[in-house]
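Text of entry_15.tsv (TSV, C-alpha atoms) as supplied:
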chain	number	residue	atom	x	y	z
R	1	MET	CA	0.00	0.00	0.00
R	2	ALA	CA	1.27	3.48	-0.88
R	3	ARG	CA	0.63	6.40	1.49
R	4	ILE	CA	-0.03	10.10	1.12
R	5	SER	CA	-0.39	12.53	4.03
R	6	TRP	CA	-1.64	15.99	4.81
R	7	ARG	CA	-1.01	18.03	7.95
R	8	ALA	CA	-3.74	20.07	9.65
R	9	THR	CA	-3.55	23.83	9.23
R	10	SER	CA	-2.89	26.07	12.23
R	11	ALA	CA	-6.64	26.62	12.33
R	12	GLY	CA	-7.14	22.87	12.79
R	13	ALA	CA	-8.62	22.11	9.37
R	14	TYR	CA	-7.51	19.34	7.07
R	15	TRP	CA	-7.21	20.19	3.39
R	16	ILE	CA	-6.52	17.42	0.93
R	17	ASP	CA	-5.67	17.44	-2.76
R	18	VAL	CA	-8.16	15.94	-5.19
R	19	VAL	CA	-8.53	16.07	-8.96
R	20	VAL	CA	-12.22	16.72	-9.61
R	21	GLY	CA	-13.31	16.54	-13.23
R	22	GLY	CA	-9.69	17.00	-14.28
R	23	LEU	CA	-9.29	20.11	-12.10
R	24	PRO	CA	-6.70	19.87	-9.28
R	25	LEU	CA	-8.28	21.28	-6.12
R	26	SER	CA	-7.38	21.70	-2.48
R	27	LEU	CA	-10.51	20.87	-0.48
R	28	MET	CA	-11.35	21.02	3.20
R	29	VAL	CA	-12.32	17.72	4.79
R	30	ASP	CA	-15.89	18.05	6.06
R	31	THR	CA	-17.33	15.04	7.84
R	32	GLY	CA	-20.61	16.95	8.09
R	33	LEU	CA	-21.11	16.61	4.34
R	34	THR	CA	-23.04	13.35	4.15
R	35	ASP	CA	-25.62	11.85	1.84
R	36	PRO	CA	-27.97	8.92	2.49
R	37	GLN	CA	-27.53	8.11	-1.22
R	38	ASN	CA	-23.74	8.25	-0.83
R	39	GLN	CA	-23.54	10.38	-3.99
R	40	ILE	CA	-22.62	13.96	-3.11
R	41	GLY	CA	-18.87	13.83	-2.54
R	42	PHE	CA	-18.05	17.53	-2.84
R	43	ALA	CA	-19.52	20.96	-2.23
R	44	LEU	CA	-17.59	23.31	-4.46
R	45	GLU	CA	-17.40	27.08	-4.60
R	46	PRO	CA	-19.83	28.31	-7.27
R	47	ALA	CA	-17.01	29.60	-9.51
R	48	THR	CA	-15.28	26.22	-9.43
R	49	TYR	CA	-18.52	24.34	-10.06
R	50	ASP	CA	-19.31	26.64	-12.99
R	51	GLN	CA	-15.81	26.13	-14.41
R	52	LEU	CA	-16.34	22.36	-14.40
R	53	LYS	CA	-19.77	22.75	-15.95
R	54	GLN	CA	-18.53	25.05	-18.70
R	55	GLY	CA	-15.68	22.62	-19.35
R	56	ARG	CA	-18.25	19.84	-19.84
R	57	GLN	CA	-16.84	17.88	-16.92
R	58	LEU	CA	-20.27	17.45	-15.31
R	59	SER	CA	-23.23	15.38	-16.47
R	60	HIS	CA	-26.51	13.91	-15.25
R	61	PHE	CA	-27.48	17.13	-13.50
R	62	ARG	CA	-29.98	16.97	-10.66
R	63	ALA	CA	-31.50	19.41	-8.23
R	64	ARG	CA	-31.07	18.05	-4.71
R	65	VAL	CA	-32.22	19.37	-1.36
R	66	SER	CA	-29.61	19.94	1.32
R	67	ARG	CA	-29.91	20.88	4.95
R	68	ASP	CA	-27.33	22.91	6.88
R	69	ALA	CA	-26.40	22.98	10.56
R	70	SER	CA	-29.02	25.63	11.32
R	71	GLY	CA	-31.73	23.34	9.93
R	72	ARG	CA	-32.23	25.45	6.82
R	73	TYR	CA	-33.20	23.59	3.67
R	74	VAL	CA	-32.04	24.72	0.25
R	75	THR	CA	-32.32	23.28	-3.24
R	76	VAL	CA	-28.98	23.07	-5.03
R	77	GLU	CA	-27.66	21.99	-8.40
R	78	THR	CA	-25.51	18.87	-8.56
R	79	GLY	CA	-23.70	17.12	-11.38
R	80	GLU	CA	-21.80	13.88	-11.83
R	81	THR	CA	-18.06	13.74	-12.42
R	82	THR	CA	-14.93	11.77	-11.61
R	83	ALA	CA	-12.50	12.37	-8.76
R	84	GLN	CA	-9.14	11.01	-7.71
R	85	LEU	CA	-6.68	11.81	-4.93
R	86	LEU	CA	-3.63	13.86	-5.79
R	87	ASP	CA	-0.29	13.27	-4.08
R	88	PRO	CA	0.58	16.64	-2.47
R	89	THR	CA	4.30	16.00	-2.93
R	90	THR	CA	4.63	14.53	-6.42
R	91	ARG	CA	1.32	15.98	-7.77
R	92	GLY	CA	0.69	12.54	-9.27
R	93	HIS	CA	-2.77	10.94	-9.29
R	94	ALA	CA	-3.22	8.42	-6.49
R	95	GLY	CA	-5.72	5.72	-5.67
R	96	PRO	CA	-8.93	4.70	-7.40
R	97	ILE	CA	-11.06	6.93	-9.60
R	98	ALA	CA	-14.43	7.63	-7.98
R	99	HIS	CA	-17.61	8.48	-9.88
R	100	LEU	CA	-19.85	10.71	-7.82
R	101	PHE	CA	-21.67	14.03	-7.66
R	102	VAL	CA	-20.57	17.54	-6.77
R	103	SER	CA	-22.92	20.22	-5.51
R	104	ARG	CA	-22.79	23.93	-6.32
R	105	GLY	CA	-21.96	25.33	-2.91
R	106	THR	CA	-22.53	28.64	-1.20
R	107	PRO	CA	-20.55	31.74	-2.23
R	108	GLY	CA	-17.79	32.47	0.27
R	109	VAL	CA	-17.72	28.96	1.69
R	110	PRO	CA	-14.55	27.05	0.70
R	111	GLY	CA	-14.72	23.92	-1.41
R	112	ARG	CA	-15.16	20.82	0.71
R	113	VAL	CA	-14.81	17.07	0.35
R	114	GLY	CA	-17.35	14.97	2.20
R	115	VAL	CA	-17.78	11.47	3.53
R	116	PRO	CA	-19.20	9.92	0.30
R	117	PHE	CA	-15.89	10.55	-1.51
R	118	PHE	CA	-13.98	8.61	1.12
R	119	HIS	CA	-16.55	5.83	1.01
R	120	ARG	CA	-15.91	5.48	-2.74
R	121	LEU	CA	-12.18	4.87	-2.27
R	122	LYS	CA	-12.24	1.10	-2.62
R	123	GLY	CA	-9.36	-0.70	-0.96
R	124	CYS	CA	-8.16	2.45	0.85
R	125	ARG	CA	-7.73	3.32	4.51
R	126	VAL	CA	-7.58	6.63	6.36
R	127	GLU	CA	-5.23	6.99	9.30
R	128	TRP	CA	-5.86	10.07	11.41
R	129	ASP	CA	-2.89	10.66	13.71
R	130	LEU	CA	-4.39	12.76	16.46
R	131	ASP	CA	-1.04	13.57	18.10
R	132	ALA	CA	0.76	14.52	14.90
R	133	HIS	CA	-2.31	16.24	13.41
R	134	THR	CA	-1.88	14.40	10.14
R	135	MET	CA	-4.31	12.55	7.92
R	136	THR	CA	-2.85	9.74	5.86
R	137	ILE	CA	-4.56	7.74	3.15
R	138	GLU	CA	-3.24	4.34	2.20
R	139	TYR	CA	-4.15	3.18	-1.29
R	140	PRO	CA	-3.47	0.01	-3.29
L	1	MET	CA	-37.86	31.95	3.47
L	2	MET	CA	-39.84	28.71	3.58
L	3	SER	CA	-40.14	27.13	7.03
L	4	GLN	CA	-38.61	23.77	7.80
L	5	THR	CA	-42.03	22.13	8.12
L	6	THR	CA	-43.27	23.60	4.87
L	7	PHE	CA	-40.14	22.44	3.08
L	8	GLU	CA	-40.59	18.90	4.39
L	9	GLN	CA	-44.25	18.95	3.31
L	10	ASP	CA	-43.19	20.15	-0.12
L	11	ILE	CA	-40.72	17.29	-0.47
L	12	SER	CA	-43.50	14.83	0.43
L	13	ARG	CA	-45.90	16.45	-2.01
L	14	ASN	CA	-43.37	16.18	-4.84
L	15	ARG	CA	-42.54	12.60	-3.91
L	16	GLU	CA	-46.23	11.66	-4.12
L	17	ALA	CA	-46.63	13.53	-7.40
L	18	PHE	CA	-43.68	11.71	-8.93
L	19	ALA	CA	-45.10	8.34	-7.91
L	20	SER	CA	-48.19	9.04	-9.99
L	21	LEU	CA	-46.32	10.74	-12.87
L	22	ARG	CA	-43.35	8.36	-13.17
L	23	GLU	CA	-44.61	6.33	-16.13
L	24	GLU	CA	-45.89	9.35	-18.02
L	25	ILE	CA	-42.59	11.18	-17.54
L	26	ARG	CA	-40.60	8.25	-18.85
L	27	ARG	CA	-42.93	7.59	-21.76
L	28	ARG	CA	-43.44	11.13	-22.97
L	29	HIS	CA	-40.27	12.97	-22.01
L	30	ALA	CA	-37.39	10.51	-22.44
L	31	GLY	CA	-34.10	12.28	-23.14
L	32	GLN	CA	-35.29	15.54	-21.56
L	33	TYR	CA	-34.90	17.22	-18.20
L	34	VAL	CA	-38.06	17.65	-16.19
L	35	ALA	CA	-38.82	20.00	-13.31
L	36	LEU	CA	-41.14	19.01	-10.50
L	37	ALA	CA	-42.37	21.58	-7.99
L	38	ASP	CA	-45.48	22.28	-5.91
L	39	GLY	CA	-46.57	18.72	-6.57
L	40	LYS	CA	-46.78	19.25	-10.34
L	41	LEU	CA	-44.74	18.69	-13.45
L	42	GLN	CA	-43.77	22.31	-14.14
L	43	ALA	CA	-41.40	22.13	-17.10
L	44	VAL	CA	-39.80	19.86	-19.66
L	45	ALA	CA	-36.65	21.07	-21.41
L	46	PRO	CA	-33.62	19.77	-23.30
L	47	SER	CA	-31.18	20.86	-20.57
L	48	TYR	CA	-30.98	21.38	-16.82
L	49	ASP	CA	-30.45	25.10	-17.27
L	50	GLU	CA	-33.51	25.47	-19.47
L	51	ALA	CA	-35.65	23.54	-17.01
L	52	LEU	CA	-34.39	25.80	-14.21
L	53	ALA	CA	-35.07	28.89	-16.31
L	54	ALA	CA	-38.64	27.69	-16.83
L	55	LEU	CA	-39.10	27.49	-13.04
L	56	GLN	CA	-37.63	30.96	-12.66
L	57	ARG	CA	-40.26	32.29	-15.06
L	58	LEU	CA	-43.11	31.08	-12.84
L	59	PRO	CA	-44.96	33.88	-11.00
L	60	SER	CA	-43.29	32.64	-7.82
L	61	MET	CA	-40.04	30.67	-8.04
L	62	PRO	CA	-40.43	27.59	-5.81
L	63	GLU	CA	-37.76	27.07	-3.16
L	64	CYS	CA	-38.23	23.31	-3.15
L	65	TYR	CA	-37.98	21.74	-6.58
L	66	PHE	CA	-36.56	18.70	-8.31
L	67	ILE	CA	-34.95	18.75	-11.75
L	68	PHE	CA	-33.83	15.43	-13.17
L	69	GLU	CA	-33.46	13.46	-16.38
L	70	ALA	CA	-36.75	11.88	-17.41
L	71	ASP	CA	-35.09	8.48	-17.82
L	72	ASP	CA	-33.78	8.73	-14.27
L	73	GLU	CA	-35.54	9.42	-10.97
L	74	PRO	CA	-35.42	12.43	-8.70
L	75	ILE	CA	-33.71	11.96	-5.36
L	76	PHE	CA	-35.90	13.14	-2.52
L	77	ASP	CA	-33.46	12.20	0.25
L	78	VAL	CA	-31.95	15.29	1.85
L	79	PHE	CA	-28.17	15.45	2.11
L	80	THR	CA	-26.56	17.22	5.02
L	81	ASP	CA	-24.12	20.06	4.53
L	82	TYR	CA	-23.07	20.97	8.07
Would you write the structure of this file as structure tokens?
Amino acid sequence: MARISWRATSAGAYWIDVVVGGLPLSLMVDTGLTDPQNQIGFALEPATYDQLKQGRQLSHFRARVSRDASGRYVTVETGETTAQLLDPTTRGHAGPIAHLFVSRGTPGVPGRVGVPFFHRLKGCRVEWDLDAHTMTIEYP
Amino acid sequence: MMSQTTFEQDISRNREAFASLREEIRRRHAGQYVALADGKLQAVAPSYDEALAALQRLPSMPECYFIFEADDEPIFDVFTDY
């Protein structure tokens, strides 16, 4: 198994590198982004989502309803794409390619990667070192 | 802004509407995007954006709506974005 790691920022957030629809992105890990259908893997900034859409990297569009921490419901646009981890050191693609949906997020909120993406990484493991503040993904 | 209860009722209303419209949507609108809102089929269009634009032209743009490919099914499950 190969390994890639990311260190938490001074603010305590974990940002990982993922190629989404061919676009290399740095995305904040958000375990609060979950989907009973296990489909919505990312909530992207509107400009990034629109860039993917204009580049024809999204398909099978759907309007989905999301709910935030305040209990507010909102209908958002989602589209299907591919995603793969990116090694932060070598910038090479790493691990399996996942097919899942991205949602058009809220302006001003950074792009985030949610639980469904991790659940699509077949054969992979996440090791969260709580002392070292690192997140490591092992992939075949 | 729509209240939480109203939104949940709207989702239920659209879910029930789709159950009765499913076959008609597939038979008559294959290959198109359809927009469901207020418990009715509101628009049929060749693209997502055109279906959304049709909703935006309604006298009152619904807050709860479902746009999907006619050959597929809408997803009524709510995802959490905390």
Residues of chain R near chain L: apply a cut-off of 10 Å, count all atoms listed in the file, and supply the list as a PyMOL selection string. chain R and resi 30-40+42-43+59-78+105+112+114
Report, in Å to a single decimal, how far apart atom CA of Thr81 of chain R and atom CA of Leu58 of chain R are.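 One can read the atom CA of Leu58 of chain R to atom CA of Thr81 of chain R distance as 5.2 Å.
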For segment 13-16 of chain R, find every residue with an atom within 12 Å (counting all atoms listed in the file), except residues of its own chain fewer than 6 positions away, and show them as a VMD selection string. chain R and resid 4 to 7 24 to 31 84 to 89 91 110 to 114 117 to 118 128 to 130 133 to 137
Give the answer as one residue: which of R:Gly21, R:Pro46, R:Pro140, R:Gly12 has the shortest atom-to-atom distance to Val109 of chain R, using all atoms listed in the file?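 Under the stated criterion, the closest residue is R:Pro46.
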Would you please take segment 16-32 of chain L of the structure in the block above and write all heavy atoms to a file as a CSV table (one decimal), in the first residue's frame?
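Saved result, result17.csv, follows:
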chain,number,residue,atom,x,y,z
L,16,GLU,N,-45.0,12.3,-3.8
L,16,GLU,CA,-46.2,11.7,-4.1
L,16,GLU,C,-46.6,12.0,-5.6
L,16,GLU,O,-47.1,11.1,-6.3
L,16,GLU,CB,-47.3,12.2,-3.2
L,16,GLU,CG,-47.2,11.6,-1.8
L,16,GLU,CD,-48.1,12.4,-0.8
L,16,GLU,OE1,-48.9,13.2,-1.2
L,16,GLU,OE2,-47.8,12.3,0.4
L,17,ALA,N,-46.3,13.2,-6.0
L,17,ALA,CA,-46.6,13.5,-7.4
L,17,ALA,C,-45.8,12.7,-8.4
L,17,ALA,O,-46.3,12.2,-9.4
L,17,ALA,CB,-46.3,15.0,-7.6
L,18,PHE,N,-44.5,12.5,-8.0
L,18,PHE,CA,-43.7,11.7,-8.9
L,18,PHE,C,-44.2,10.3,-9.0
L,18,PHE,O,-44.1,9.7,-10.1
L,18,PHE,CB,-42.2,11.7,-8.5
L,18,PHE,CG,-41.3,10.9,-9.4
L,18,PHE,CD1,-41.1,11.3,-10.7
L,18,PHE,CD2,-40.8,9.7,-8.9
L,18,PHE,CE1,-40.3,10.5,-11.5
L,18,PHE,CE2,-40.1,8.9,-9.7
L,18,PHE,CZ,-39.8,9.3,-11.0
L,19,ALA,N,-44.6,9.7,-7.9
L,19,ALA,CA,-45.1,8.3,-7.9
L,19,ALA,C,-46.2,8.2,-8.9
L,19,ALA,O,-46.3,7.1,-9.6
L,19,ALA,CB,-45.6,7.9,-6.5
L,20,SER,N,-47.1,9.2,-9.0
L,20,SER,CA,-48.2,9.0,-10.0
L,20,SER,C,-47.8,9.5,-11.4
L,20,SER,O,-48.5,9.1,-12.4
L,20,SER,CB,-49.4,9.9,-9.5
L,20,SER,OG,-49.0,11.2,-9.5
L,21,LEU,N,-46.7,10.2,-11.5
L,21,LEU,CA,-46.3,10.7,-12.9
L,21,LEU,C,-45.2,9.9,-13.5
L,21,LEU,O,-44.8,10.2,-14.7
L,21,LEU,CB,-45.9,12.2,-12.8
L,21,LEU,CG,-46.9,13.2,-12.4
L,21,LEU,CD1,-46.3,14.6,-12.0
L,21,LEU,CD2,-47.9,13.4,-13.6
L,22,ARG,N,-44.6,9.0,-12.7
L,22,ARG,CA,-43.4,8.4,-13.2
L,22,ARG,C,-43.5,7.8,-14.6
L,22,ARG,O,-42.6,8.1,-15.5
L,22,ARG,CB,-43.0,7.2,-12.2
L,22,ARG,CG,-41.8,6.5,-12.6
L,22,ARG,CD,-41.6,5.2,-11.8
L,22,ARG,NE,-40.9,5.5,-10.5
L,22,ARG,CZ,-41.5,5.4,-9.3
L,22,ARG,NH1,-42.8,4.9,-9.2
L,22,ARG,NH2,-40.9,5.6,-8.2
L,23,GLU,N,-44.5,7.0,-14.8
L,23,GLU,CA,-44.6,6.3,-16.1
L,23,GLU,C,-44.8,7.3,-17.3
L,23,GLU,O,-44.2,7.2,-18.3
L,23,GLU,CB,-45.7,5.3,-16.1
L,23,GLU,CG,-45.4,4.1,-15.2
L,23,GLU,CD,-44.0,3.5,-15.4
L,23,GLU,OE1,-43.7,3.4,-16.6
L,23,GLU,OE2,-43.3,3.3,-14.4
L,24,GLU,N,-45.6,8.3,-17.0
L,24,GLU,CA,-45.9,9.3,-18.0
L,24,GLU,C,-44.6,10.1,-18.3
L,24,GLU,O,-44.3,10.4,-19.5
L,24,GLU,CB,-47.0,10.3,-17.5
L,24,GLU,CG,-47.3,11.4,-18.5
L,24,GLU,CD,-48.1,12.5,-17.9
L,24,GLU,OE1,-48.8,12.3,-16.9
L,24,GLU,OE2,-48.1,13.6,-18.5
L,25,ILE,N,-43.8,10.4,-17.3
L,25,ILE,CA,-42.6,11.2,-17.5
L,25,ILE,C,-41.6,10.4,-18.4
L,25,ILE,O,-41.1,10.9,-19.4
L,25,ILE,CB,-41.9,11.5,-16.2
L,25,ILE,CG1,-42.7,12.6,-15.5
L,25,ILE,CG2,-40.5,12.0,-16.4
L,25,ILE,CD1,-42.3,12.9,-14.1
L,26,ARG,N,-41.5,9.1,-18.1
L,26,ARG,CA,-40.6,8.2,-18.9
L,26,ARG,C,-41.1,8.1,-20.3
L,26,ARG,O,-40.3,8.0,-21.2
L,26,ARG,CB,-40.5,6.9,-18.2
L,26,ARG,CG,-39.6,7.0,-16.9
L,26,ARG,CD,-39.2,5.7,-16.4
L,26,ARG,NE,-38.3,5.8,-15.3
L,26,ARG,CZ,-38.1,4.9,-14.3
L,26,ARG,NH1,-38.7,3.8,-14.4
L,26,ARG,NH2,-37.3,5.1,-13.4
L,27,ARG,N,-42.4,7.9,-20.4
L,27,ARG,CA,-42.9,7.6,-21.8
L,27,ARG,C,-42.9,8.8,-22.7
L,27,ARG,O,-42.5,8.7,-23.8
L,27,ARG,CB,-44.4,7.1,-21.6
L,27,ARG,CG,-45.0,6.5,-22.9
L,27,ARG,CD,-46.3,5.9,-22.6
L,27,ARG,NE,-47.3,6.9,-22.2
L,27,ARG,CZ,-47.8,6.9,-20.9
L,27,ARG,NH1,-47.5,6.0,-20.0
L,27,ARG,NH2,-48.7,7.9,-20.6
L,28,ARG,N,-43.3,10.0,-22.1
L,28,ARG,CA,-43.4,11.1,-23.0
L,28,ARG,C,-42.2,12.1,-23.0
L,28,ARG,O,-42.1,12.9,-24.0
L,28,ARG,CB,-44.6,11.9,-22.5
L,28,ARG,CG,-45.9,11.2,-22.6
L,28,ARG,CD,-47.1,12.0,-22.2
L,28,ARG,NE,-47.2,13.3,-23.0
L,28,ARG,CZ,-47.9,14.3,-22.7
L,28,ARG,NH1,-48.7,14.3,-21.6
L,28,ARG,NH2,-47.9,15.4,-23.5
L,29,HIS,N,-41.3,12.0,-22.1
L,29,HIS,CA,-40.3,13.0,-22.0
L,29,HIS,C,-38.9,12.4,-22.0
L,29,HIS,O,-37.9,13.0,-21.5
L,29,HIS,CB,-40.5,13.9,-20.8
L,29,HIS,CG,-41.8,14.5,-20.7
L,29,HIS,ND1,-42.4,15.3,-21.7
L,29,HIS,CD2,-42.8,14.4,-19.8
L,29,HIS,CE1,-43.6,15.6,-21.4
L,29,HIS,NE2,-43.9,15.1,-20.3
L,30,ALA,N,-38.7,11.2,-22.4
L,30,ALA,CA,-37.4,10.5,-22.4
L,30,ALA,C,-36.4,11.4,-23.1
L,30,ALA,O,-36.7,12.0,-24.2
L,30,ALA,CB,-37.5,9.2,-23.1
L,31,GLY,N,-35.2,11.5,-22.5
L,31,GLY,CA,-34.1,12.3,-23.1
L,31,GLY,C,-34.2,13.8,-22.8
L,31,GLY,O,-33.3,14.5,-23.2
L,32,GLN,N,-35.1,14.1,-22.0
L,32,GLN,CA,-35.3,15.5,-21.6
L,32,GLN,C,-35.1,15.7,-20.0
L,32,GLN,O,-35.2,14.7,-19.3
L,32,GLN,CB,-36.7,16.0,-21.9
L,32,GLN,CG,-37.1,15.8,-23.3
L,32,GLN,CD,-37.2,17.1,-24.1
L,32,GLN,OE1,-36.2,17.7,-24.4
L,32,GLN,NE2,-38.4,17.6,-24.4
